[in-house]
Amino acid sequence: MDFALTKEQEMVRKTARDFAANELEPIAADIDESAEFPTETVRKLGELGFMGMTVPKEWGGAGLDDVSYVIAIEEISKVCASHGITLSVNNSLVCWPLMAFGTDAQKEKYLKPLASGQKLGCFGLTEPNAGTDAASQATVAEKQGDKYVINGNKIFITNGEKADVAIIFAMTDKSKGTRGISAFIIEKEFPGFSIGTVEKKLGIRGSCTAELVFEDMVVPEQNLLGGEGKGFKVAMATLDGGRIGVAAQALGIAEAAFEASVKYAKEREQFGKPISKFQAIQWFLSDMATEIEAARMLVYRAAFDKWQKRPYTVSAAMAKYLASDVAMKTTRNAIQVHGGYGFTKDYPVERFYRDAKITEIYEGTTEVQKMVISGNLLK
Ligand SMILES: Cc1cc2nc3c(=O)[nH]c(=O)nc-3n(C[C@H](O)[C@H](O)[C@H](O)COP(=O)(O)OP(=O)(O)OC[C@H]3O[C@@H](n4cnc5c(N)ncnc54)[C@H](O)[C@@H]3O)c2cc1C
């Protein structure tokens, strides 16, 4: 067994870490406060090759492996979790399904500009009454000649307001249940497409989360992704990989909270000595370090499985379940280590705590990950 990273993976870590320190650290607290989408730094991440990291170079990507990808998400999220999810969605939820299910013409038209960062993508599955129960799609696509006419809406869509391209899901034949769901590639300029509610959120406030509205939206049939009736398969396969990205985001947030806690514990004095001399604080730190290491092993393992083309549904679910739990616990205890100061905006741990929560919710809640894991155990 070899736990060492390759030279290329180490290089990706250094590039991501340097970028995060130079470009993201100065704006992370501000975009959290203003809830402003960081267009300029997202563009720069595209120039670095981070928007389509595992997409082959011939299709506009960086041609890297999946472990490199999670290392990048981890490092970026350690400084700014909003950038982390913007990247994760474009890579895992948009570029990946285009690569896996797209025709060459779709890859040429959509994957190339998305993977090279010239365009931004989003993934629209969730609806007001189709969250965990994603199969209950109320959005309908009706075939009319060589086009589909789509009506419905998608809520809580990451990158929604800013995206040029969206992969969305709609019922093409309600009588067939999940086999009646189809995936479509849509462009923001398509007639009948508009943006609805833009959410105000607890955390990842620099990431935009919006409603997509379709009113007699006309979509050419060549924009069907993966074939009619294959949409649910496209969605579920895509989310398996997406969960590895969210797990890496959670890991990065936990690491940031841990490092802030070590620093603060050495600086803060009470009873005439640094609080790091108290066993209660030392135990917080040792728990954090151990649990983060365990989460990292699972996250890298899931990415390694995907890279090696082994089954990764269960390892991805385990990685997201554990890493998001560790992110919540670590950020909560990081505030405890900081005492009252941790509850204020003078220190970043309150942002980390707010950012961590969403990792237990999107791309399948923790309960869903447990359903995936137990479903595999009991099959
Ligand atoms: C900030 C943000 C960004 C998002 N980005 C995207 C995006 O880009 N694209 C997209 O399509 N969606 C996105 N989502 C939606 C997200 O994936 C859903 O919110 C999530 O899947 C949960 O669905 P729900 O909110 O409808 O909760 P519900 O499904 O209503 O769940 C409520 C509670 O019930 C539990 N529950 C539900 N069913 C079961 C069950 N069978 N067994 C046990 N417990 C159950 C859940 O675990 C949860 O605790 C985003 C959401 C947020 C908040």
# chains A, B, ... in the order shown; residues from 1 in each chain; ligands from 1
$ residues_near_ligand --ligand "ligand 1" --cutoff "9 Å" --atoms "only C-alpha atoms and all ligand atoms" --output "VMD selection string"
chain A and resid 85 89 93 122 to 134 154 to 160 168 to 169 199 201 to 205 207 to 210 358 360 to 371
$ select_by_dssp --residues "region 60-233 of chain A" --states "strand (DSSP E)" --output "number ranges by chain"
A: 121-124, 140-144, 147-158, 165-171, 181-187, 193-198, 209-220, 224-225
$ atom_distance --atom1 "CA of Ile167 (chain A)" --atom2 "CA of Leu225 (chain A)"
8.3 Å
$ residues_around --residues "region 293-302 of chain A" --least-positions-apart "4" --cutoff "8 Å" --atoms "only C-alpha atoms" --output "MDAnalysis selection string"
chainID A and resid 67 70 244 247:248 251 289 306 312 315:316 318:320 322:323 326
$ residues_around --residues "Pro38 (chain A)" --least-positions-apart "3" --cutoff "12 Å" --atoms "only C-alpha atoms" --output "count of residues only"
29
$ select_by_dssp --residues "region 1-75 of chain A" --states "alpha helix (DSSP H)" --output "ChimeraX atom specification"
/A:7-19,25-34,39-47,66-75
$ atom_distance --atom1 "CA of Gly375 (chain A)" --atom2 "CA of Lys233 (chain A)"
17.3 Å
$ residues_around --residues "Lys230 (chain A)" --least-positions-apart "2" --cutoff "10 Å" --atoms "only C-alpha atoms" --output "list of chain:residue names"
A:Phe101, A:Phe169, A:Thr178, A:Arg179, A:Gly180, A:Ile181, A:Ser182, A:Ala183, A:Leu224, A:Leu225, A:Gly226, A:Gly227, A:Glu228, A:Phe232, A:Lys233, A:Val234, A:Ala235
$ write_last_selection --atoms "N, CA and C atoms" --output "compact mmCIF listing (two decimals), in the first residue's frame"
# COMPACT_ATOMS: atom_id res chain seq x y z
N PHE A 101 -22.03 10.98 -20.90
CA PHE A 101 -23.25 10.66 -21.66
C PHE A 101 -23.42 11.49 -22.93
N PHE A 169 -33.58 18.18 -15.73
CA PHE A 169 -34.30 16.91 -15.82
C PHE A 169 -35.80 17.19 -15.92
N THR A 178 -39.43 6.42 -13.12
CA THR A 178 -38.05 6.94 -13.29
C THR A 178 -37.58 6.75 -14.73
N ARG A 179 -38.14 5.76 -15.43
CA ARG A 179 -37.73 5.55 -16.84
C ARG A 179 -38.40 6.54 -17.78
N GLY A 180 -39.21 7.41 -17.21
CA GLY A 180 -39.84 8.45 -18.02
C GLY A 180 -39.17 9.81 -17.83
N ILE A 181 -38.04 9.80 -17.11
CA ILE A 181 -37.32 11.08 -16.88
C ILE A 181 -36.19 11.20 -17.90
N SER A 182 -36.04 12.39 -18.47
CA SER A 182 -34.96 12.62 -19.43
C SER A 182 -34.13 13.83 -19.02
N ALA A 183 -32.87 13.82 -19.45
CA ALA A 183 -31.95 14.93 -19.15
C ALA A 183 -31.79 15.79 -20.40
N LEU A 224 -31.01 16.57 -25.98
CA LEU A 224 -31.33 15.49 -25.06
C LEU A 224 -30.00 14.85 -24.66
N LEU A 225 -29.78 14.62 -23.36
CA LEU A 225 -28.49 14.06 -22.90
C LEU A 225 -28.70 12.62 -22.45
N GLY A 226 -28.03 11.68 -23.14
CA GLY A 226 -28.08 10.27 -22.73
C GLY A 226 -29.29 9.51 -23.26
N GLY A 227 -30.13 10.14 -24.05
CA GLY A 227 -31.28 9.45 -24.64
C GLY A 227 -32.55 9.64 -23.83
N GLU A 228 -33.71 9.53 -24.54
CA GLU A 228 -34.99 9.72 -23.84
C GLU A 228 -35.19 8.61 -22.79
N PHE A 232 -32.90 9.70 -15.26
CA PHE A 232 -32.70 9.35 -13.84
C PHE A 232 -31.35 8.67 -13.66
N LYS A 233 -31.01 7.83 -14.63
CA LYS A 233 -29.70 7.16 -14.59
C LYS A 233 -28.58 8.21 -14.67
N VAL A 234 -28.74 9.19 -15.56
CA VAL A 234 -27.75 10.26 -15.68
C VAL A 234 -27.62 10.99 -14.34
N ALA A 235 -28.77 11.33 -13.74
CA ALA A 235 -28.74 12.09 -12.48
C ALA A 235 -28.07 11.31 -11.36
